[in-house]
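Student: What follows is upload_10.cif, made up of mmCIF, C-alpha atoms:
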```cif
data_structure
#
loop_
_atom_site.label_atom_id
_atom_site.label_comp_id
_atom_site.auth_asym_id
_atom_site.auth_seq_id
_atom_site.Cartn_x
_atom_site.Cartn_y
_atom_site.Cartn_z
CA MET D 1 -40.90 4.47 29.54
CA SER D 2 -37.69 6.14 28.44
CA VAL D 3 -35.62 3.88 30.71
CA LEU D 4 -37.12 0.90 28.91
CA PHE D 5 -36.08 2.45 25.58
CA TYR D 6 -32.44 2.84 26.64
CA ILE D 7 -32.23 -0.67 28.11
CA SER D 8 -33.73 -2.27 24.98
CA ALA D 9 -31.49 -0.20 22.71
CA ALA D 10 -28.42 -1.34 24.65
CA VAL D 11 -29.54 -4.97 24.40
CA ALA D 12 -30.16 -4.60 20.66
CA ILE D 13 -26.75 -3.07 19.98
CA ALA D 14 -24.99 -5.67 22.13
CA GLY D 15 -26.88 -8.48 20.38
CA SER D 16 -26.05 -7.20 16.91
CA LEU D 17 -22.38 -6.73 17.82
CA MET D 18 -22.34 -10.32 19.09
CA MET D 19 -24.00 -11.43 15.82
CA VAL D 20 -21.36 -9.77 13.66
CA THR D 21 -18.44 -11.25 15.58
CA ARG D 22 -19.55 -14.88 16.08
CA ARG D 23 -17.83 -17.70 14.22
CA ASN D 24 -20.66 -20.22 14.39
CA ALA D 25 -23.52 -19.11 12.14
CA MET D 26 -26.20 -20.57 14.43
CA HIS D 27 -24.86 -18.63 17.43
CA GLY D 28 -24.92 -15.46 15.36
CA LEU D 29 -28.50 -16.17 14.35
CA VAL D 30 -29.67 -16.61 17.94
CA ASN D 31 -27.96 -13.35 18.90
CA LEU D 32 -29.73 -11.64 16.00
CA ILE D 33 -33.09 -12.97 17.25
CA VAL D 34 -32.37 -11.49 20.69
CA ALA D 35 -31.50 -8.16 19.06
CA PHE D 36 -34.74 -8.19 17.03
CA LEU D 37 -36.85 -8.90 20.13
CA ALA D 38 -35.14 -5.95 21.83
CA ILE D 39 -35.92 -3.79 18.79
CA ALA D 40 -39.57 -4.83 19.17
CA CYS D 41 -39.41 -3.37 22.71
CA VAL D 42 -37.95 -0.18 21.22
CA PHE D 43 -40.90 0.06 18.81
CA TRP D 44 -43.31 -0.37 21.69
CA THR D 45 -41.69 2.42 23.69
CA LEU D 46 -41.88 4.66 20.60
CA GLY D 47 -45.68 4.35 20.63
CA ALA D 48 -46.12 1.74 17.89
CA PRO D 49 -47.54 -1.43 19.51
CA PHE D 50 -48.81 -2.84 16.18
CA VAL D 51 -45.34 -2.65 14.66
CA ALA D 52 -43.85 -4.24 17.80
CA ALA D 53 -46.21 -7.20 17.38
CA LEU D 54 -45.36 -7.45 13.67
CA GLN D 55 -41.65 -7.35 14.51
CA ILE D 56 -42.02 -10.37 16.79
CA VAL D 57 -44.46 -12.36 14.63
CA VAL D 58 -43.10 -11.69 11.15
CA TYR D 59 -39.44 -10.84 11.64
CA ALA D 60 -38.27 -12.88 14.64
CA GLY D 61 -40.95 -15.50 14.13
CA ALA D 62 -40.98 -16.11 10.38
CA ILE D 63 -38.01 -14.61 8.58
CA LEU D 64 -35.37 -15.64 11.12
CA VAL D 65 -36.93 -19.10 11.50
CA LEU D 66 -36.52 -19.41 7.73
CA PHE D 67 -32.83 -18.67 8.35
CA VAL D 68 -32.76 -21.45 10.96
CA PHE D 69 -34.24 -23.93 8.47
CA ALA D 70 -31.75 -22.90 5.78
CA MET D 71 -28.94 -23.37 8.29
CA MET D 72 -30.21 -26.87 9.07
CA ILE D 73 -30.25 -27.71 5.35
CA LEU D 74 -26.75 -26.30 4.82
CA ASN D 75 -25.32 -28.26 7.78
CA LEU D 76 -22.32 -25.93 8.09
CA LYS D 77 -19.23 -26.66 10.10
CA PRO D 78 -18.67 -24.12 12.89
CA GLU D 79 -15.52 -22.94 11.13
CA ALA D 80 -17.16 -22.62 7.70
CA GLY D 81 -16.14 -19.43 5.99
CA ARG D 82 -12.54 -18.51 6.56
CA GLN D 83 -12.09 -15.48 8.73
CA GLY D 84 -8.71 -13.85 9.03
CA SER D 85 -7.12 -12.13 11.97
CA ILE D 86 -8.51 -9.20 13.91
CA VAL D 87 -6.49 -6.83 11.72
CA GLU D 88 -9.01 -6.90 8.89
CA TRP D 89 -11.68 -5.50 11.23
CA ILE D 90 -9.73 -2.30 11.85
CA ILE D 91 -10.03 -0.38 8.58
CA PRO D 92 -13.73 -1.19 7.93
CA GLY D 93 -14.38 -0.34 11.59
CA ILE D 94 -12.77 3.07 11.15
CA LEU D 95 -14.75 3.72 7.95
CA VAL D 96 -18.07 2.75 9.52
CA ALA D 97 -17.36 4.70 12.72
CA THR D 98 -16.57 7.78 10.60
CA LEU D 99 -19.89 7.48 8.79
CA LEU D 100 -21.77 7.07 12.09
CA ALA D 101 -19.97 10.08 13.57
CA GLN D 102 -21.00 12.18 10.56
CA VAL D 103 -24.63 11.11 10.94
CA ILE D 104 -24.61 11.96 14.65
CA PHE D 105 -22.93 15.32 13.93
CA VAL D 106 -25.60 16.26 11.38
CA LEU D 107 -28.46 15.08 13.62
CA THR D 108 -27.25 16.98 16.69
CA GLY D 109 -27.35 20.20 14.64
CA ILE D 110 -31.14 19.88 14.32
CA CYS D 111 -32.38 21.21 17.65
CA ASP D 112 -36.00 20.39 16.77
CA LEU D 113 -35.23 16.69 17.35
CA GLN D 114 -33.81 17.11 20.85
CA VAL D 115 -36.90 18.06 22.80
CA PRO D 116 -38.98 15.06 23.82
CA GLY D 117 -42.40 15.46 22.28
CA LYS D 118 -45.76 14.43 23.64
CA GLN D 119 -46.20 10.84 22.58
CA ILE D 120 -49.47 9.39 21.35
CA VAL D 121 -49.88 5.68 20.72
CA VAL D 122 -50.80 5.13 17.05
CA GLY D 123 -52.77 1.89 16.94
CA PRO D 124 -53.51 -0.66 14.22
CA GLU D 125 -56.72 1.08 13.06
CA ALA D 126 -54.86 4.18 11.87
CA VAL D 127 -52.18 2.07 10.22
CA GLY D 128 -54.69 -0.10 8.38
CA GLU D 129 -56.72 2.88 7.26
CA SER D 130 -53.64 4.61 5.90
CA LEU D 131 -52.31 1.41 4.30
CA PHE D 132 -55.46 0.64 2.34
CA THR D 133 -56.48 4.17 1.32
CA VAL D 134 -53.50 6.49 0.89
CA TYR D 135 -50.93 3.77 0.26
CA ALA D 136 -53.19 1.28 -1.57
CA LEU D 137 -50.96 1.41 -4.65
CA GLY D 138 -47.94 0.68 -2.47
CA ALA D 139 -49.70 -2.34 -0.97
CA GLU D 140 -50.40 -3.66 -4.46
CA ILE D 141 -46.78 -3.16 -5.52
CA ALA D 142 -45.64 -4.92 -2.34
CA SER D 143 -47.83 -7.92 -3.19
CA VAL D 144 -46.35 -8.03 -6.71
CA LEU D 145 -42.87 -7.92 -5.15
CA LEU D 146 -43.73 -10.86 -2.88
CA MET D 147 -45.00 -12.78 -5.91
CA ALA D 148 -41.74 -12.07 -7.75
CA GLY D 149 -39.74 -13.19 -4.70
CA LEU D 150 -41.75 -16.41 -4.53
CA ALA D 151 -41.17 -17.12 -8.22
CA ALA D 152 -37.44 -16.38 -7.94
CA ALA D 153 -37.04 -18.54 -4.83
CA PHE D 154 -38.88 -21.38 -6.56
CA HIS D 155 -36.70 -21.03 -9.65
CA TYR D 156 -33.39 -20.95 -7.80
CA GLY D 157 -34.44 -23.56 -5.29
CA ALA D 158 -35.58 -26.22 -7.76
CA PHE D 159 -32.26 -27.67 -8.89
CA SER D 160 -31.13 -31.19 -9.80
CA GLY D 161 -34.05 -33.11 -8.43
CA GLN D 162 -33.86 -31.67 -4.91
CA GLY D 163 -36.87 -30.02 -3.33
CA GLY D 164 -37.46 -26.33 -3.80
CA GLU D 165 -37.05 -23.89 -0.93
CA ASP D 166 -39.46 -21.00 -0.73
CA GLU D 167 -41.68 -19.14 1.65
CA MET N 1 -45.32 10.52 30.28
CA ASN N 2 -41.70 11.50 29.71
CA ASN N 3 -40.40 10.32 26.40
CA VAL N 4 -37.11 9.84 24.67
CA PRO N 5 -35.93 12.56 22.31
CA VAL N 6 -36.26 11.51 18.68
CA ILE N 7 -32.56 12.08 18.13
CA HIS N 8 -31.69 9.19 20.46
CA ALA N 9 -33.86 6.83 18.43
CA LEU N 10 -32.25 8.10 15.21
CA ILE N 11 -28.74 7.64 16.62
CA PHE N 12 -29.75 4.13 17.70
CA ALA N 13 -30.89 3.44 14.13
CA GLY N 14 -27.61 4.81 12.78
CA ALA N 15 -25.60 2.61 15.14
CA LEU N 16 -27.53 -0.50 14.07
CA PHE N 17 -26.99 0.41 10.41
CA ALA N 18 -23.26 0.91 11.03
CA ILE N 19 -22.95 -2.50 12.71
CA GLY N 20 -24.78 -4.09 9.78
CA ALA N 21 -22.54 -2.35 7.26
CA LEU N 22 -19.47 -3.51 9.21
CA GLY N 23 -20.74 -7.07 9.01
CA VAL N 24 -21.33 -6.84 5.26
CA ILE N 25 -17.82 -5.46 4.70
CA VAL N 26 -15.82 -7.72 7.02
CA ARG N 27 -17.51 -11.14 7.07
CA ARG N 28 -16.78 -13.64 4.32
CA ASN N 29 -19.41 -16.19 5.37
CA LEU N 30 -22.42 -15.45 3.15
CA VAL N 31 -24.85 -16.39 5.96
CA PHE N 32 -23.48 -13.54 8.06
CA VAL N 33 -23.65 -11.18 5.09
CA LEU N 34 -27.37 -11.95 4.69
CA MET N 35 -28.01 -11.47 8.42
CA SER N 36 -26.17 -8.14 8.37
CA ILE N 37 -28.34 -6.98 5.47
CA GLU N 38 -31.39 -7.87 7.58
CA LEU N 39 -29.96 -5.74 10.40
CA MET N 40 -29.52 -2.78 8.02
CA LEU N 41 -33.13 -3.07 6.83
CA ILE N 42 -34.32 -3.11 10.45
CA ALA N 43 -32.20 -0.03 11.18
CA ALA N 44 -33.97 1.81 8.37
CA SER N 45 -37.34 0.83 9.80
CA VAL N 46 -36.29 2.03 13.28
CA ALA N 47 -35.65 5.44 11.71
CA PHE N 48 -39.12 5.35 10.10
CA ILE N 49 -40.78 4.47 13.43
CA ALA N 50 -38.85 7.24 15.18
CA ALA N 51 -40.11 9.75 12.61
CA ALA N 52 -43.65 8.39 13.04
CA ALA N 53 -43.34 8.92 16.80
CA LYS N 54 -42.11 12.47 16.25
CA TRP N 55 -45.13 13.54 14.21
CA ASN N 56 -47.67 11.06 15.68
CA GLN N 57 -48.62 9.82 12.23
CA ALA N 58 -49.31 6.29 10.97
CA ASP N 59 -47.27 6.71 7.76
CA GLY N 60 -44.02 5.51 9.31
CA GLN N 61 -45.70 2.29 10.44
CA VAL N 62 -47.06 1.75 6.91
CA PHE N 63 -43.53 2.05 5.57
CA TYR N 64 -42.38 -0.48 8.19
CA ILE N 65 -44.81 -2.94 6.58
CA PHE N 66 -43.30 -2.21 3.15
CA ILE N 67 -39.80 -2.78 4.56
CA VAL N 68 -40.89 -6.12 6.03
CA VAL N 69 -42.30 -7.18 2.64
CA THR N 70 -39.03 -6.20 0.93
CA ALA N 71 -37.03 -8.07 3.56
CA ALA N 72 -39.18 -11.19 3.16
CA ALA N 73 -38.68 -11.21 -0.62
CA GLU N 74 -34.96 -10.53 -0.18
CA VAL N 75 -34.57 -13.37 2.33
CA ALA N 76 -36.44 -15.84 0.11
CA VAL N 77 -34.27 -15.04 -2.92
CA GLY N 78 -31.06 -14.70 -0.90
CA LEU N 79 -31.45 -17.98 0.96
CA SER N 80 -32.30 -19.92 -2.21
CA LEU N 81 -29.24 -18.37 -3.90
CA LEU N 82 -27.22 -19.38 -0.82
CA LEU N 83 -28.43 -22.98 -1.09
CA ARG N 84 -27.57 -22.94 -4.80
CA ILE N 85 -24.07 -21.57 -4.08
CA HIS N 86 -23.55 -24.22 -1.39
CA HIS N 87 -24.66 -26.90 -3.83
CA THR N 88 -22.37 -25.67 -6.61
CA PHE N 89 -19.21 -24.68 -4.72
CA LYS N 90 -19.56 -26.83 -1.54
CA SER N 91 -18.79 -23.65 0.40
CA VAL N 92 -20.49 -20.50 1.66
CA ASP N 93 -17.30 -18.41 1.52
CA SER N 94 -17.71 -15.35 -0.66
CA ASP N 95 -14.08 -15.68 -1.85
CA ASP N 96 -14.82 -19.07 -3.41
CA VAL N 97 -17.60 -17.71 -5.60
CA SER N 98 -15.45 -16.41 -8.44
CA LEU N 99 -16.75 -17.94 -11.67
CA LEU N 100 -16.82 -14.52 -13.36
CA ARG N 101 -13.08 -14.09 -12.84
CA GLU N 102 -10.94 -14.62 -15.91
CA GLU N 103 -8.87 -17.80 -16.16
CA GLY N 104 -5.33 -17.50 -14.86
CA GLU N 105 -6.02 -14.58 -12.56
CA ARG N 106 -6.42 -16.78 -9.52
#
```
Show me this structure written as structure tokens.
Tutor:
Amino acid sequence: MSVLFYISAAVAIAGSLMMVTRRNAMHGLVNLIVAFLAIACVFWTLGAPFVAALQIVVYAGAILVLFVFAMMILNLKPEAGRQGSIVEWIIPGILVATLLAQVIFVLTGICDLQVPGKQIVVGPEAVGESLFTVYALGAEIASVLLMAGLAAAFHYGAFSGQGGEDE
Amino acid sequence: MNNVPVIHALIFAGALFAIGALGVIVRRNLVFVLMSIELMLIAASVAFIAAAAKWNQADGQVFYIFIVVTAAAEVAVGLSLLLRIHHTFKSVDSDDVSLLREEGER
């Protein structure tokens, strides 16, 4: 089980690094889909099979496919978006690596996190029960947010006689 | 069943977030900026799932659903803004989107 976690985590990090460094947007998108499928495996090894299914169906299946459709509409050249030399990666890379090192330093100080605990699979029943009782207000707010996103996408997408683009 | 320590999952989430932040800072293509933001949202949800696995509670998975809803709304608005920018500027380069800049400063 833990071996599966480390393999999927390595695939996810490699996929996201490939995504960040690609020139062609469609290649980056496919790499991101691979990374998200690997993250679904990570969720499954962490005892959350419902979230793993949601990750594949909603994230890799719906949201990233929406990206694919937008990319088809945009019809970008592979070189679209100027990108300078490798030099401009260095300073942001140092900044981000410093932040990550700080996070790891703080986390390693908490010895409670380092012992592997007994893992119980939390299934969809518990999630649904919690979502619609304890977090019922949050579910309502989330639905209002989706409505607002739909309205905004319709507003921005409906320009100059062309068809709107929304979910 | 031997399991991974929670700290490894949290470090994994931190690494994903760092890669996403690097993409947002470095890339000028707005498509890549949007995809990097997606990666950062997913990194946050990995941290939530790791915490849920630590305490064997369903709350972390509920918050994953909220993050997915936020990401869906963000993608819908972001992609329609991207199409609008492409229509107006004939480019998806973030350096070309500079209408707020004062005249003569270019």
Student: Could I get the residues of chain N with an atom no further than 6 Å from an atom of chain D, each paired with its nearest atom pair and that distance in Å to one decimal, using all atoms listed in the file, sorted by chain and residue number, as a tab-separated table?
Tutor:
```
residue	atom	partner	partner_atom	distance
N:Asn3	CA	D:Ser2	CA	5.4
N:Val4	CA	D:Ser2	CA	5.3
N:Pro5	CA	D:Pro116	CA	4.2
N:Val6	CA	D:Leu113	CA	5.4
N:Ile7	CA	D:Leu113	CA	5.4
N:Ala18	CA	D:Val96	CA	5.7
N:Gly23	CA	D:Val20	CA	5.4
N:Asn29	CA	D:Gly81	CA	4.6
N:Ala53	CA	D:Leu46	CA	5.9
N:Ala58	CA	D:Val127	CA	5.2
N:Val62	CA	D:Leu131	CA	5.9
N:Ala73	CA	D:Gly149	CA	4.7
N:Ala76	CA	D:Ala153	CA	5.7
N:Val77	CA	D:Ala153	CA	4.9
N:Ser80	CA	D:Gly157	CA	5.2
N:Asp93	CA	D:Gly81	CA	4.7
```
Student: Which value, in Å to one decimal, gives the distance between atom CA of D:Val144 and atom CA of N:Ile37?
Tutor: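 If I compute the distance from atom CA of D:Val144 to atom CA of N:Ile37, I get 21.8 Å.
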Student: For atom CA of N:Glu38 and atom CA of N:Gly20, determine how far apart the two atoms are, in Å to one decimal place.
Tutor: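 According to the coordinates, atom CA of N:Glu38 and atom CA of N:Gly20 are separated by 7.9 Å.
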Student: Pick the closest to N:Ser45 from N:Val24, N:Ile19, N:Thr88, N:Leu10: which is it, counting only C-alpha atoms?
Tutor: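 So, comparing all the options, the nearest one is N:Leu10.
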Student: Rounded to one decimal in Å, what is the spacing between atom CA of N:Phe48 and atom CA of N:Val68?
Tutor: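 Taking atom CA of N:Phe48 as the start and atom CA of N:Val68 as the end point, the length is 12.3 Å.
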Student: Could you check which of N:Thr70, N:Gln61, N:Ser94, N:Asn56 is closest to N:Val26, using all atoms listed in the file?
Tutor: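 Comparing N:Thr70, N:Gln61, N:Ser94, N:Asn56 against N:Val26, the winner is N:Ser94.
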Student: Skip N:Ala44 itself and residues of its chain fewer than 6 positions away, then list as JSON, numbers by chain all residues within 9 Å of it, counting all atoms listed in the file.
Tutor: {"N": [13, 14, 16, 17, 64, 67]}
